[in-house]
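**Student:** My file is coords-v1.txt. It has compact mmCIF, C-alpha atoms and all ligand atoms:
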```
# COMPACT_ATOMS: atom_id res chain seq x y z
CA MET A 1 -18.16 11.39 -1.93
CA ILE A 2 -17.37 11.57 1.76
CA SER A 3 -19.19 13.40 4.52
CA ASP A 4 -17.78 15.39 7.43
CA SER A 5 -18.59 12.38 9.60
CA ASP A 6 -16.35 10.18 7.38
CA VAL A 7 -13.56 12.73 7.84
CA ARG A 8 -14.07 12.58 11.61
CA ASP A 9 -13.89 8.76 11.45
CA TYR A 10 -10.63 8.99 9.50
CA VAL A 11 -9.14 11.45 12.01
CA ARG A 12 -10.21 9.23 14.94
CA ASP A 13 -9.46 5.77 13.51
CA GLY A 14 -6.84 6.40 10.82
CA VAL A 15 -8.86 4.35 8.33
CA ILE A 16 -12.10 4.54 6.34
CA VAL A 17 -13.60 2.60 3.44
CA VAL A 18 -15.59 4.41 0.74
CA GLN A 19 -17.83 2.11 -1.27
CA GLN A 20 -17.78 1.96 -5.09
CA VAL A 21 -15.76 5.04 -6.04
CA LEU A 22 -14.68 3.76 -9.49
CA ASP A 23 -17.05 3.09 -12.36
CA GLN A 24 -17.41 -0.24 -14.18
CA GLN A 25 -15.85 1.02 -17.41
CA LEU A 26 -12.57 1.94 -15.74
CA LEU A 27 -12.58 -1.29 -13.71
CA THR A 28 -12.99 -3.34 -16.88
CA ALA A 29 -10.15 -1.45 -18.63
CA LEU A 30 -7.88 -1.99 -15.59
CA ARG A 31 -8.63 -5.72 -15.51
CA LEU A 32 -7.78 -6.08 -19.21
CA LYS A 33 -4.52 -4.19 -18.69
CA ILE A 34 -3.62 -6.42 -15.71
CA ALA A 35 -4.38 -9.57 -17.72
CA ASP A 36 -1.98 -8.33 -20.45
CA LEU A 37 0.72 -7.55 -17.91
CA THR A 38 0.34 -10.96 -16.28
CA ALA A 39 0.58 -12.73 -19.64
CA SER A 40 3.77 -10.76 -20.44
CA ALA A 41 5.34 -12.11 -17.25
CA ALA A 42 5.76 -15.39 -19.16
CA SER A 43 8.96 -13.90 -20.58
CA VAL A 44 10.34 -13.04 -17.14
CA ASN A 45 12.43 -15.36 -14.97
CA ALA A 46 13.26 -13.12 -12.02
CA HIS A 47 12.01 -10.00 -10.22
CA ASN A 48 12.70 -6.85 -12.23
CA ASP A 49 11.69 -3.15 -12.22
CA VAL A 50 8.09 -3.99 -13.15
CA TYR A 51 7.36 -7.44 -11.72
CA ASP A 52 7.66 -8.96 -8.28
CA LEU A 53 7.00 -12.67 -8.71
CA GLU A 54 5.40 -15.29 -6.48
CA PRO A 55 7.86 -17.94 -5.17
CA SER A 56 6.06 -20.50 -7.38
CA HIS A 57 6.34 -18.41 -10.59
CA SER A 58 7.58 -20.02 -13.77
CA PRO A 59 7.48 -18.79 -17.39
CA GLN A 60 5.07 -21.67 -18.16
CA ASP A 61 2.78 -20.64 -15.28
CA PRO A 62 3.33 -16.87 -14.76
CA ARG A 63 2.52 -15.87 -11.19
CA VAL A 64 2.83 -12.16 -10.45
CA ARG A 65 2.75 -10.99 -6.84
CA ARG A 66 3.09 -7.29 -7.51
CA ILE A 67 3.33 -4.79 -10.35
CA LYS A 68 5.78 -2.19 -9.08
CA LEU A 69 4.97 1.51 -9.60
CA PRO A 70 1.94 0.87 -11.86
CA HIS A 71 1.46 4.62 -12.43
CA LYS A 72 4.76 4.50 -14.34
CA VAL A 73 3.94 1.24 -16.14
CA ASP A 74 0.73 2.48 -17.78
CA PRO A 75 -1.12 5.85 -17.72
CA LEU A 76 -4.39 4.00 -17.09
CA PHE A 77 -3.24 3.33 -13.51
CA TYR A 78 -2.29 6.99 -13.02
CA ASP A 79 -5.79 7.96 -14.21
CA VAL A 80 -7.29 6.17 -11.20
CA VAL A 81 -5.75 8.47 -8.61
CA ARG A 82 -6.47 11.53 -10.77
CA GLN A 83 -10.22 10.85 -10.98
CA PRO A 84 -12.04 14.00 -9.76
CA GLN A 85 -13.97 12.06 -7.10
CA VAL A 86 -10.71 10.60 -5.73
CA ILE A 87 -9.03 14.02 -5.63
CA ALA A 88 -12.09 15.41 -3.82
CA ILE A 89 -11.75 12.74 -1.11
CA LEU A 90 -7.98 13.30 -0.81
CA LYS A 91 -8.45 17.05 -0.39
CA LYS A 92 -10.88 16.45 2.45
CA LEU A 93 -8.43 14.15 4.22
CA LEU A 94 -5.10 15.85 3.44
CA GLY A 95 -5.88 19.45 2.47
CA PRO A 96 -5.64 21.28 -0.87
CA ASN A 97 -1.98 20.57 -1.75
CA ILE A 98 -1.22 16.93 -2.43
CA ARG A 99 1.48 14.87 -4.11
CA LEU A 100 1.68 11.23 -5.16
CA HIS A 101 4.47 9.45 -3.29
CA GLY A 102 4.28 6.04 -4.97
CA SER A 103 2.05 3.21 -6.15
CA LYS A 104 1.93 -0.59 -6.29
CA LEU A 105 -0.49 -3.26 -7.40
CA ASN A 106 -0.65 -6.20 -5.00
CA MET A 107 -2.06 -9.15 -6.91
CA LYS A 108 -3.27 -11.66 -4.40
CA SER A 109 -4.15 -14.46 -6.78
CA ALA A 110 -6.64 -17.20 -5.93
CA HIS A 111 -5.16 -20.20 -4.04
CA TYR A 112 -1.62 -18.83 -3.49
CA GLY A 113 -1.59 -14.97 -3.30
CA SER A 114 1.09 -13.99 -0.78
CA PRO A 115 0.42 -12.38 2.61
CA VAL A 116 1.87 -9.07 3.81
CA GLU A 117 3.15 -9.11 7.40
CA TRP A 118 2.11 -6.47 9.97
CA HIS A 119 3.77 -3.12 9.44
CA GLN A 120 3.33 0.67 9.33
CA ASP A 121 4.04 2.36 5.99
CA TRP A 122 5.68 5.19 7.96
CA ALA A 123 8.54 2.84 8.84
CA PHE A 124 9.40 2.66 5.12
CA TYR A 125 9.19 6.35 4.22
CA PRO A 126 9.21 8.78 7.17
CA HIS A 127 8.55 12.41 6.23
CA THR A 128 8.72 15.79 7.97
CA ASN A 129 5.04 15.42 8.91
CA ASP A 130 2.61 12.52 8.76
CA ASP A 131 -0.24 13.96 6.67
CA ILE A 132 0.16 10.99 4.38
CA LEU A 133 -2.16 8.10 3.55
CA ALA A 134 -2.48 5.10 1.29
CA ILE A 135 -5.48 4.46 -0.93
CA GLY A 136 -6.32 0.79 -1.47
CA VAL A 137 -8.41 0.44 -4.62
CA MET A 138 -10.27 -2.87 -4.54
CA LEU A 139 -10.22 -4.19 -8.08
CA ASP A 140 -12.20 -7.28 -7.06
CA ASP A 141 -15.07 -7.83 -4.66
CA THR A 142 -13.23 -8.19 -1.38
CA ASP A 143 -14.46 -10.03 1.70
CA MET A 144 -13.05 -12.12 4.55
CA SER A 145 -12.41 -15.08 2.26
CA ASN A 146 -9.94 -13.57 -0.23
CA GLY A 147 -7.43 -11.85 2.04
CA PRO A 148 -8.67 -8.30 2.69
CA MET A 149 -6.25 -5.74 4.10
CA LEU A 150 -6.59 -5.66 7.91
CA VAL A 151 -6.06 -2.31 9.65
CA THR A 152 -6.04 -1.62 13.39
CA PRO A 153 -7.96 1.58 14.15
CA GLN A 154 -6.29 4.31 16.22
CA THR A 155 -2.77 2.91 15.90
CA HIS A 156 -1.92 5.96 13.75
CA ARG A 157 -1.67 8.02 16.92
CA GLY A 158 0.62 5.59 18.74
CA GLU A 159 4.20 4.49 18.57
CA VAL A 160 6.28 3.60 15.56
CA TRP A 161 7.17 -0.01 16.18
CA ASN A 162 10.58 -1.48 15.51
CA HIS A 163 10.65 -2.86 11.96
CA HIS A 164 14.22 -4.16 12.13
CA GLY A 165 15.09 -7.84 12.05
CA GLU A 166 17.37 -10.15 14.02
CA ASP A 167 20.29 -9.14 11.74
CA GLY A 168 19.89 -5.44 12.69
CA CYS A 169 18.77 -4.51 9.15
CA PHE A 170 15.42 -3.00 8.19
CA ALA A 171 12.95 -5.89 7.79
CA GLY A 172 9.74 -4.00 6.94
CA MET A 173 7.69 -5.85 9.57
CA ILE A 174 7.00 -5.93 13.28
CA ASP A 175 7.60 -8.89 15.59
CA PRO A 176 3.99 -10.17 15.89
CA ASP A 177 4.51 -10.99 19.59
CA LEU A 178 4.86 -7.26 20.32
CA ILE A 179 1.48 -6.36 18.81
CA GLN A 180 -0.81 -9.21 19.83
CA ASN A 181 -3.41 -6.86 21.35
CA GLU A 182 -3.42 -4.57 18.32
CA ILE A 183 -3.76 -7.51 15.93
CA LYS A 184 -6.90 -8.65 17.78
CA LEU A 185 -8.46 -5.22 17.16
CA ALA A 186 -7.77 -5.14 13.40
CA ARG A 187 -10.67 -4.52 11.02
CA PRO A 188 -10.92 -5.81 7.44
CA CYS A 189 -11.26 -3.30 4.59
CA MET A 190 -13.95 -4.87 2.42
CA GLY A 191 -16.30 -3.86 -0.34
CA LYS A 192 -17.45 -4.37 -3.89
CA ALA A 193 -14.94 -3.88 -6.69
CA GLY A 194 -14.30 -0.16 -7.14
CA SER A 195 -14.43 0.57 -3.40
CA MET A 196 -11.43 2.25 -1.77
CA SER A 197 -9.84 2.20 1.66
CA PHE A 198 -7.88 5.19 2.95
CA HIS A 199 -5.43 4.39 5.73
CA HIS A 200 -3.09 6.74 7.57
CA VAL A 201 0.63 6.23 7.00
CA ARG A 202 1.14 5.27 10.66
CA ALA A 203 -1.79 2.82 10.87
CA LEU A 204 -0.81 -0.79 11.64
CA HIS A 205 -1.90 -3.22 8.93
CA GLY A 206 -1.25 -6.56 7.24
CA SER A 207 -3.06 -9.21 5.22
CA ALA A 208 -3.28 -12.98 4.97
CA LEU A 209 -2.48 -15.53 2.28
CA ASN A 210 -5.35 -15.90 -0.20
CA THR A 211 -6.42 -19.55 -0.10
CA SER A 212 -9.85 -18.87 -1.63
CA ASP A 213 -10.77 -19.50 -5.26
CA ARG A 214 -11.13 -15.74 -5.97
CA GLN A 215 -8.31 -13.30 -6.69
CA ARG A 216 -7.96 -10.07 -4.71
CA ASN A 217 -6.11 -7.39 -6.62
CA LEU A 218 -5.45 -4.22 -4.62
CA LEU A 219 -4.09 -1.11 -6.33
CA LEU A 220 -2.34 1.11 -3.78
CA PHE A 221 -1.44 4.79 -4.07
CA GLU A 222 0.56 6.59 -1.40
CA VAL A 223 -0.38 10.26 -1.21
CA ALA A 224 1.14 13.03 0.92
CA ALA A 225 0.37 16.64 1.76
CA SER A 226 2.79 18.52 -0.49
CA ASP A 227 4.57 20.13 2.49
CA ALA A 228 5.52 16.66 3.82
CA TRP A 229 9.08 16.07 2.62
CA PRO A 230 10.71 12.62 2.68
CA LEU A 231 13.47 12.39 5.30
CA ALA A 232 15.44 10.27 2.82
CA GLY A 233 15.69 13.38 0.66
CA VAL A 234 14.60 14.35 -2.84
CA LYS A 235 17.01 13.33 -5.58
CA ASP A 236 15.19 14.89 -8.52
CA PHE A 237 13.13 17.98 -7.66
CA GLN A 238 11.49 18.18 -11.08
CA GLU A 239 10.34 14.57 -10.88
CA PHE A 240 9.16 15.14 -7.27
CA ASP A 241 6.95 18.04 -8.34
CA SER A 242 5.71 16.25 -11.46
CA ARG A 243 3.76 14.08 -9.02
CA LEU A 244 1.63 16.93 -7.66
CA LEU A 245 -2.01 15.84 -7.80
CA ALA A 246 -3.61 19.10 -6.65
CA GLY A 247 -2.60 22.54 -5.43
CA GLY A 248 0.98 23.71 -5.26
CA SER A 249 4.42 22.84 -4.03
CA THR A 250 6.59 24.44 -1.36
CA ILE A 251 10.26 24.42 -0.47
CA THR A 252 9.36 25.09 3.15
CA PRO A 253 8.51 21.67 4.57
CA ARG A 254 6.13 21.56 7.53
CA VAL A 255 8.04 19.89 10.33
CA THR A 256 5.99 18.40 13.16
CA PRO A 257 7.06 16.38 16.24
CA VAL A 258 6.36 12.95 14.77
CA PRO A 259 8.07 9.78 16.06
CA VAL A 260 10.53 8.47 13.48
CA ARG A 261 12.75 5.44 12.92
CA ILE A 262 14.99 5.42 9.87
CA PRO A 263 14.79 2.24 7.68
CA LEU A 264 18.55 1.69 7.70
CA PRO A 265 20.74 -0.27 7.37
CA PRO A 266 18.89 -1.49 4.28
CA PRO A 267 17.44 -4.99 4.06
CA LEU A 268 19.57 -7.71 2.51
CA ARG A 269 16.82 -8.47 -0.02
CA GLN A 270 15.30 -5.37 -1.59
CA GLY A 271 12.82 -4.67 -4.36
CA SER A 272 9.46 -5.10 -2.66
CA ILE A 273 7.89 -5.47 0.77
CA TYR A 274 7.64 -9.23 0.16
CA GLU A 275 11.38 -9.51 -0.42
CA THR A 276 12.20 -7.25 2.50
CA GLN A 277 9.98 -9.19 4.92
CA SER A 278 11.32 -12.56 3.76
CA ALA A 279 14.49 -12.02 5.84
CA TYR A 280 12.46 -12.15 9.06
CA THR A 281 12.10 -15.70 10.33
CA LYS A 282 9.19 -15.12 12.73
CA THR A 283 5.92 -14.68 10.88
CA TYR A 284 2.29 -14.09 11.77
CA PHE A 285 0.64 -15.17 8.52
CA THR A 286 1.17 -18.47 6.74
CA ARG A 287 3.54 -17.56 3.88
CA THR A 288 2.97 -20.14 1.16
CA VAL A 289 0.51 -22.87 0.35
CA SER A 290 1.89 -26.23 1.49
O1 LIG B 301 -2.00 -6.12 -0.11
C1 LIG B 301 -2.32 -5.92 1.05
O2 LIG B 301 -3.35 -6.38 1.55
C2 LIG B 301 -1.45 -5.11 1.99
C3 LIG B 301 -0.70 -4.07 1.27
C4 LIG B 301 0.38 -3.42 2.05
O3 LIG B 301 0.26 -3.19 3.22
C5 LIG B 301 1.61 -3.02 1.37
O4 LIG B 301 1.88 -3.49 0.25
O5 LIG B 301 2.37 -2.21 1.97
```
Once you've parsed the file, please lay out its structure as C-alpha cells.
**Tutor:**
Amino acid sequence: MISDSDVRDYVRDGVIVVQQVLDQQLLTALRLKIADLTASAASVNAHNDVYDLEPSHSPQDPRVRRIKLPHKVDPLFYDVVRQPQVIAILKKLLGPNIRLHGSKLNMKSAHYGSPVEWHQDWAFYPHTNDDILAIGVMLDDTDMSNGPMLVTPQTHRGEVWNHHGEDGCFAGMIDPDLIQNEIKLARPCMGKAGSMSFHHVRALHGSALNTSDRQRNLLLFEVAASDAWPLAGVKDFQEFDSRLLAGGSTITPRVTPVPVRIPLPPPLRQGSIYETQSAYTKTYFTRTVS
C-alpha cells in the first residue's frame, strides 16, 4: 500500500498519510462498538481504566474523551493493527520485527472534543532506539474543521524538548513559546475515514479543540521495532512478547545514540495525556468551549 517514495517521505519528514487503508465493513463495526462503549459511560462518574472523560461529562450526558488501551477493551480494535495491509506498511517503515507498544482512542466529539497540547511521544516512553511510530486511524472524515492531528515535518531528527512543568514534574507538553517556529510549519493529517497517518515517535505534534459539528475519532496504535526496549523496563516479559505483531523477539536490545529525557518525577495527575497536560498553566490551544 505504500511505495518506496512514501518510505523516503517518512524517513525525511517523520510523517506520512496513507489514504483509505481500512474497508467500510470494519469501519462500520468499529463505529457500532464505539457507540456501545459511549453509551456504557452513562454508568461511570469518574475516569477509570477504560474511560477518560471530558470535563463536562455527566451520567445523563456521557462525554468520553478517550478509550484507554482499546486493543485490550475489545478484540475488534486489535484486529485493526493486525490487518495484513497495515502490517505490510509497518514492515516497510520499521523492518520485519515489530511489537505493539500501546493504543488509545481519542474521541474528539463535535462541539467540545478536547485538544492535545504540543508534545513528542518519545518524551512519554523513551526506548533504546527510536524506530517507533504511531498510527493514527481516522475513523471519521477528517479535515481542517474537526481538529486534525497537526505534525511538524522533520522535527523527528531534532531535539527532545523539555516536557516538564513549572512544578518540576513531567507535564507531557512543551512550553509553546519555545516552539513557535515549529508550530508554524505543522501540517494537518487529513483524509477520508479509513485513512491512516504514520508519525515518528520523536515528531512534534498536537491538535485543537473540535468546535465543528462533526466528531473526529482517532484510533492510535504505538508500534516499535522489536529490538527497541523501553527504558522504563519490562515488568512482564510474557505480556511484552504477546504484543509481537510480526517477526521475532530479541533479548539483545539495539542501543543507538538517541537523545533522551526521562518522564520523572511523575505528573501529579495521571491516567491520560489530557490529565497530565492539565497541570501546565500555559496552553497553546483553547481547552474548553466557553
Ligand atoms: O488526538 C490527537 O489529535 C492527538 C493525539 C496525540 O497526540 C496523543 O494522544 O498522544
**Student:** I'd like the neighbourhood of Ala246 in chain A as JSON, numbers by chain, where a residue qualifies if any of its atoms comes within 9 Å (using all atoms listed in the file), though same-chain residues fewer than 4 positions away should be ignored.
**Tutor:** {"A": [87, 91, 96, 97, 98, 99, 226]}
**Student:** Near Gln83 in chain A, counting only C-alpha atoms, which residues have an atom at most 12 Å away, once you skip same-chain residues fewer than 6 positions from it, shown as number ranges by chain?
**Tutor:** A: 21-23, 26, 76-77, 89-90, 245-246
**Student:** Which residues are near ligand LIG 301 (chain B) - at most 7 Å, using only C-alpha atoms and all ligand atoms? Format: as a PyMOL selection string.
**Tutor:** chain A and resi 106+116+121+147-149+205-207+218+273
**Student:** With distances taken over only C-alpha atoms, which of A:Glu239, A:Glu275, A:Asp177, A:Asp13 is nearest to His47 in chain A?
**Tutor:** A:Glu275
**Student:** Kindly indicate which residue among A:Thr155, A:Gln24, A:Asn210, A:Asn162 lies nearest to Ile183 in chain A, using all atoms listed in the file for the distances.
**Tutor:**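 Looking only at the distances to Ile183 in chain A, the closest residue turns out to be A:Thr155.
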**Student:** Could you work out how far CA of Asn129 in chain A lies from CA of Ser5 in chain A, giving the answer in Å with one decimal?
**Tutor:**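 A separation of 23.8 Å between them.
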**Student:** Please output range 168-189 of chain A, rebuilt to include N, CA and C atoms, as a CSV table (one decimal), keeping the file's coordinate frame.
**Tutor:**
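Output saved as selection-v4.csv:
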```csv
chain,number,residue,atom,x,y,z
A,168,GLY,N,19.7,-6.9,12.5
A,168,GLY,CA,19.9,-5.4,12.7
A,168,GLY,C,19.5,-4.6,11.5
A,169,CYS,N,19.2,-5.2,10.4
A,169,CYS,CA,18.8,-4.5,9.2
A,169,CYS,C,17.3,-4.3,9.1
A,170,PHE,N,16.8,-3.3,8.4
A,170,PHE,CA,15.4,-3.0,8.2
A,170,PHE,C,14.7,-4.2,7.6
A,171,ALA,N,13.6,-4.7,8.2
A,171,ALA,CA,13.0,-5.9,7.8
A,171,ALA,C,11.5,-5.6,7.3
A,172,GLY,N,11.1,-4.4,7.5
A,172,GLY,CA,9.7,-4.0,6.9
A,172,GLY,C,8.6,-4.7,7.6
A,173,MET,N,8.8,-5.2,8.8
A,173,MET,CA,7.7,-5.8,9.6
A,173,MET,C,8.0,-5.8,11.1
A,174,ILE,N,6.9,-6.0,11.8
A,174,ILE,CA,7.0,-5.9,13.3
A,174,ILE,C,6.9,-7.4,13.8
A,175,ASP,N,7.7,-7.6,14.9
A,175,ASP,CA,7.6,-8.9,15.6
A,175,ASP,C,6.1,-9.1,16.1
A,176,PRO,N,5.4,-10.1,15.6
A,176,PRO,CA,4.0,-10.2,15.9
A,176,PRO,C,3.7,-10.3,17.4
A,177,ASP,N,4.7,-10.8,18.1
A,177,ASP,CA,4.5,-11.0,19.6
A,177,ASP,C,4.3,-9.6,20.3
A,178,LEU,N,4.9,-8.6,19.7
A,178,LEU,CA,4.9,-7.3,20.3
A,178,LEU,C,3.5,-6.6,20.1
A,179,ILE,N,2.7,-7.1,19.2
A,179,ILE,CA,1.5,-6.4,18.8
A,179,ILE,C,0.3,-7.3,18.9
A,180,GLN,N,0.3,-8.2,19.8
A,180,GLN,CA,-0.8,-9.2,19.8
A,180,GLN,C,-2.1,-8.5,20.1
A,181,ASN,N,-2.1,-7.6,21.0
A,181,ASN,CA,-3.4,-6.9,21.4
A,181,ASN,C,-3.9,-6.1,20.2
A,182,GLU,N,-3.0,-5.4,19.5
A,182,GLU,CA,-3.4,-4.6,18.3
A,182,GLU,C,-3.9,-5.5,17.2
A,183,ILE,N,-3.3,-6.6,17.0
A,183,ILE,CA,-3.8,-7.5,15.9
A,183,ILE,C,-5.2,-8.0,16.2
A,184,LYS,N,-5.5,-8.2,17.4
A,184,LYS,CA,-6.9,-8.6,17.8
A,184,LYS,C,-7.9,-7.6,17.4
A,185,LEU,N,-7.5,-6.3,17.4
A,185,LEU,CA,-8.5,-5.2,17.2
A,185,LEU,C,-8.6,-4.8,15.7
A,186,ALA,N,-7.8,-5.5,14.8
A,186,ALA,CA,-7.8,-5.1,13.4
A,186,ALA,C,-9.1,-5.3,12.7
A,187,ARG,N,-9.4,-4.4,11.8
A,187,ARG,CA,-10.7,-4.5,11.0
A,187,ARG,C,-10.4,-4.7,9.5
A,188,PRO,N,-11.1,-5.6,8.9
A,188,PRO,CA,-10.9,-5.8,7.4
A,188,PRO,C,-11.5,-4.7,6.6
A,189,CYS,N,-10.8,-4.3,5.5
A,189,CYS,CA,-11.3,-3.3,4.6
A,189,CYS,C,-11.9,-4.1,3.4
```
